[in-house]
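> My questions will all concern the structure given below.
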Amino acid sequence: MNNRVCELRALHGWSQGDLAERLDVSRQTVNAIETGKYDPSLSLAFRIAKLFRKSIETIFDPQE
């Protein structure tokens, strides 16, 4: 799944560790999401969308 997590994180000036803290996940989880190695659960996707004040569809694109 393609996503804009890295782009949005960079716009906020946050490190992967910063974002991980805000989402209550590990930095490795953030890295895996950003690199497309891990698709977040629906609950985590909602938390990411809420944090960035975007819709899930704006952040995550299921089209490969």
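Residues are referred to by chain and number: the chain letter is A, B, ... according to the order shown in the structure tokens, the number counts from 1 in that chain, and ligands are numbered separately from 1 in the order shown.
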I need the residues of chain A that end up classed as helix (DSSP H, G or I) by DSSP on the backbone, written out as a PyMOL selection string.
chain A and resi 5-11+16-23+27-34+42-52+56-59
> For the residues in the current selection, export N, CA and C atoms as a compact mmCIF listing (two decimals), in the first residue's frame.

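Result file follows (out.txt):
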```txt
# COMPACT_ATOMS: atom_id res chain seq x y z
N VAL A 5 2.95 8.95 4.63
CA VAL A 5 3.33 9.15 6.03
C VAL A 5 4.69 9.86 6.12
N CYS A 6 5.67 9.41 5.36
CA CYS A 6 7.00 10.03 5.41
C CYS A 6 6.93 11.51 5.01
N GLU A 7 6.20 11.78 3.94
CA GLU A 7 6.04 13.16 3.47
C GLU A 7 5.39 14.05 4.53
N LEU A 8 4.31 13.56 5.13
CA LEU A 8 3.60 14.34 6.14
C LEU A 8 4.44 14.52 7.40
N ARG A 9 5.15 13.48 7.77
CA ARG A 9 6.03 13.56 8.94
C ARG A 9 7.10 14.64 8.71
N ALA A 10 7.68 14.64 7.52
CA ALA A 10 8.73 15.62 7.20
C ALA A 10 8.18 17.04 7.20
N LEU A 11 6.96 17.22 6.72
CA LEU A 11 6.34 18.54 6.72
C LEU A 11 6.20 19.11 8.14
N GLN A 16 11.27 9.93 12.81
CA GLN A 16 10.45 8.72 12.95
C GLN A 16 10.17 8.46 14.43
N GLY A 17 11.14 8.72 15.28
CA GLY A 17 10.94 8.53 16.72
C GLY A 17 9.88 9.47 17.28
N ASP A 18 9.88 10.71 16.81
CA ASP A 18 8.86 11.67 17.25
C ASP A 18 7.46 11.18 16.89
N LEU A 19 7.32 10.74 15.64
CA LEU A 19 6.01 10.26 15.19
C LEU A 19 5.62 9.00 15.96
N ALA A 20 6.57 8.12 16.18
CA ALA A 20 6.29 6.89 16.93
C ALA A 20 5.76 7.22 18.32
N GLU A 21 6.39 8.19 18.98
CA GLU A 21 5.93 8.60 20.31
C GLU A 21 4.50 9.11 20.28
N ARG A 22 4.20 9.94 19.30
CA ARG A 22 2.85 10.51 19.19
C ARG A 22 1.79 9.44 18.90
N LEU A 23 2.20 8.37 18.23
CA LEU A 23 1.26 7.30 17.88
C LEU A 23 1.29 6.14 18.86
N ARG A 27 9.56 3.04 16.73
CA ARG A 27 10.13 3.71 15.57
C ARG A 27 10.23 2.72 14.41
N GLN A 28 10.46 1.45 14.71
CA GLN A 28 10.53 0.43 13.67
C GLN A 28 9.19 0.27 12.96
N THR A 29 8.10 0.42 13.69
CA THR A 29 6.77 0.35 13.08
C THR A 29 6.58 1.51 12.11
N VAL A 30 6.97 2.70 12.51
CA VAL A 30 6.86 3.87 11.63
C VAL A 30 7.70 3.64 10.37
N ASN A 31 8.91 3.15 10.55
CA ASN A 31 9.79 2.88 9.40
C ASN A 31 9.16 1.86 8.47
N ALA A 32 8.59 0.79 9.02
CA ALA A 32 7.98 -0.25 8.19
C ALA A 32 6.76 0.28 7.43
N ILE A 33 5.98 1.15 8.06
CA ILE A 33 4.83 1.76 7.38
C ILE A 33 5.32 2.64 6.24
N GLU A 34 6.31 3.49 6.52
CA GLU A 34 6.82 4.41 5.51
C GLU A 34 7.42 3.70 4.31
N LEU A 42 -6.43 -0.84 11.02
CA LEU A 42 -7.40 0.23 10.80
C LEU A 42 -7.34 1.24 11.95
N SER A 43 -7.20 0.74 13.15
CA SER A 43 -7.12 1.61 14.33
C SER A 43 -5.91 2.55 14.23
N LEU A 44 -4.76 2.01 13.85
CA LEU A 44 -3.56 2.83 13.72
C LEU A 44 -3.70 3.80 12.54
N ALA A 45 -4.29 3.37 11.46
CA ALA A 45 -4.51 4.25 10.31
C ALA A 45 -5.38 5.44 10.71
N PHE A 46 -6.41 5.20 11.52
CA PHE A 46 -7.25 6.30 12.01
C PHE A 46 -6.46 7.25 12.90
N ARG A 47 -5.59 6.70 13.77
CA ARG A 47 -4.77 7.56 14.64
C ARG A 47 -3.82 8.42 13.81
N ILE A 48 -3.23 7.82 12.77
CA ILE A 48 -2.33 8.58 11.89
C ILE A 48 -3.11 9.69 11.20
N ALA A 49 -4.28 9.36 10.66
CA ALA A 49 -5.09 10.36 9.96
C ALA A 49 -5.50 11.49 10.90
N LYS A 50 -5.90 11.15 12.10
CA LYS A 50 -6.31 12.17 13.07
C LYS A 50 -5.13 13.06 13.45
N LEU A 51 -3.96 12.48 13.65
CA LEU A 51 -2.78 13.25 14.01
C LEU A 51 -2.42 14.27 12.93
N PHE A 52 -2.51 13.84 11.67
CA PHE A 52 -2.16 14.74 10.56
C PHE A 52 -3.36 15.56 10.07
N ILE A 56 -8.12 9.25 5.87
CA ILE A 56 -7.32 8.05 5.62
C ILE A 56 -7.01 7.93 4.14
N GLU A 57 -7.98 8.24 3.29
CA GLU A 57 -7.80 8.11 1.85
C GLU A 57 -6.74 9.08 1.31
N THR A 58 -6.55 10.21 2.01
CA THR A 58 -5.53 11.18 1.60
C THR A 58 -4.13 10.65 1.92
N ILE A 59 -4.02 9.85 2.96
CA ILE A 59 -2.72 9.36 3.40
C ILE A 59 -2.38 8.00 2.78
```
> What is the CA of Gln63 in chain A to CA of Asp24 in chain A distance in Å?
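Rounded to one decimal, the two atoms are 27.2 Å apart.
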> Report the distance between CA of Pro40 in chain A and CA of Lys54 in chain A in Å, rounded to one decimal place.
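Straight-line distance from CA of Pro40 in chain A to CA of Lys54 in chain A works out to 15.8 Å.
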> If DSSP is run on the backbone, what residues of chain A are strand (DSSP E or B)? A reply as a ChimeraX atom specification would be ideal.
/A:2-3,60-61
> Restricting the output to all heavy atoms, write the selected residues as a PDB file, in the first residue's frame.

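What landed in again-v7.pdb:
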```
ATOM      1  N   ASN A   2       0.653   2.129  -0.909  1.00  0.00           N
ATOM      2  CA  ASN A   2       1.386   3.392  -0.946  1.00  0.00           C
ATOM      3  C   ASN A   2       0.830   4.326   0.121  1.00  0.00           C
ATOM      4  O   ASN A   2      -0.357   4.274   0.440  1.00  0.00           O
ATOM      5  CB  ASN A   2       1.240   4.053  -2.320  1.00  0.00           C
ATOM      6  CG  ASN A   2       1.859   3.227  -3.416  1.00  0.00           C
ATOM      7  OD1 ASN A   2       2.884   2.590  -3.217  1.00  0.00           O
ATOM      8  ND2 ASN A   2       1.237   3.230  -4.574  1.00  0.00           N
ATOM      9  N   ASN A   3       1.711   5.174   0.671  1.00  0.00           N
ATOM     10  CA  ASN A   3       1.235   6.120   1.670  1.00  0.00           C
ATOM     11  C   ASN A   3       2.101   7.368   1.662  1.00  0.00           C
ATOM     12  O   ASN A   3       3.181   7.395   1.083  1.00  0.00           O
ATOM     13  CB  ASN A   3       1.199   5.472   3.062  1.00  0.00           C
ATOM     14  CG  ASN A   3       2.573   5.175   3.603  1.00  0.00           C
ATOM     15  OD1 ASN A   3       3.303   6.076   3.978  1.00  0.00           O
ATOM     16  ND2 ASN A   3       2.944   3.893   3.646  1.00  0.00           N
ATOM     17  N   PHE A  60      -3.361   7.122   2.712  1.00  0.00           N
ATOM     18  CA  PHE A  60      -3.107   5.757   2.241  1.00  0.00           C
ATOM     19  C   PHE A  60      -3.805   5.502   0.919  1.00  0.00           C
ATOM     20  O   PHE A  60      -4.976   5.818   0.750  1.00  0.00           O
ATOM     21  CB  PHE A  60      -3.602   4.738   3.284  1.00  0.00           C
ATOM     22  CG  PHE A  60      -2.876   4.848   4.590  1.00  0.00           C
ATOM     23  CD1 PHE A  60      -3.403   5.571   5.635  1.00  0.00           C
ATOM     24  CD2 PHE A  60      -1.639   4.254   4.768  1.00  0.00           C
ATOM     25  CE1 PHE A  60      -2.741   5.696   6.836  1.00  0.00           C
ATOM     26  CE2 PHE A  60      -0.954   4.363   5.961  1.00  0.00           C
ATOM     27  CZ  PHE A  60      -1.510   5.088   7.007  1.00  0.00           C
ATOM     28  N   ASP A  61      -3.063   4.912  -0.021  1.00  0.00           N
ATOM     29  CA  ASP A  61      -3.586   4.580  -1.341  1.00  0.00           C
ATOM     30  C   ASP A  61      -3.415   3.084  -1.574  1.00  0.00           C
ATOM     31  O   ASP A  61      -2.289   2.612  -1.739  1.00  0.00           O
ATOM     32  CB  ASP A  61      -2.845   5.367  -2.415  1.00  0.00           C
ATOM     33  CG  ASP A  61      -3.336   5.081  -3.817  1.00  0.00           C
ATOM     34  OD1 ASP A  61      -4.383   4.432  -3.970  1.00  0.00           O
ATOM     35  OD2 ASP A  61      -2.644   5.494  -4.754  1.00  0.00           O
TER      36      ASP A  61
END
```
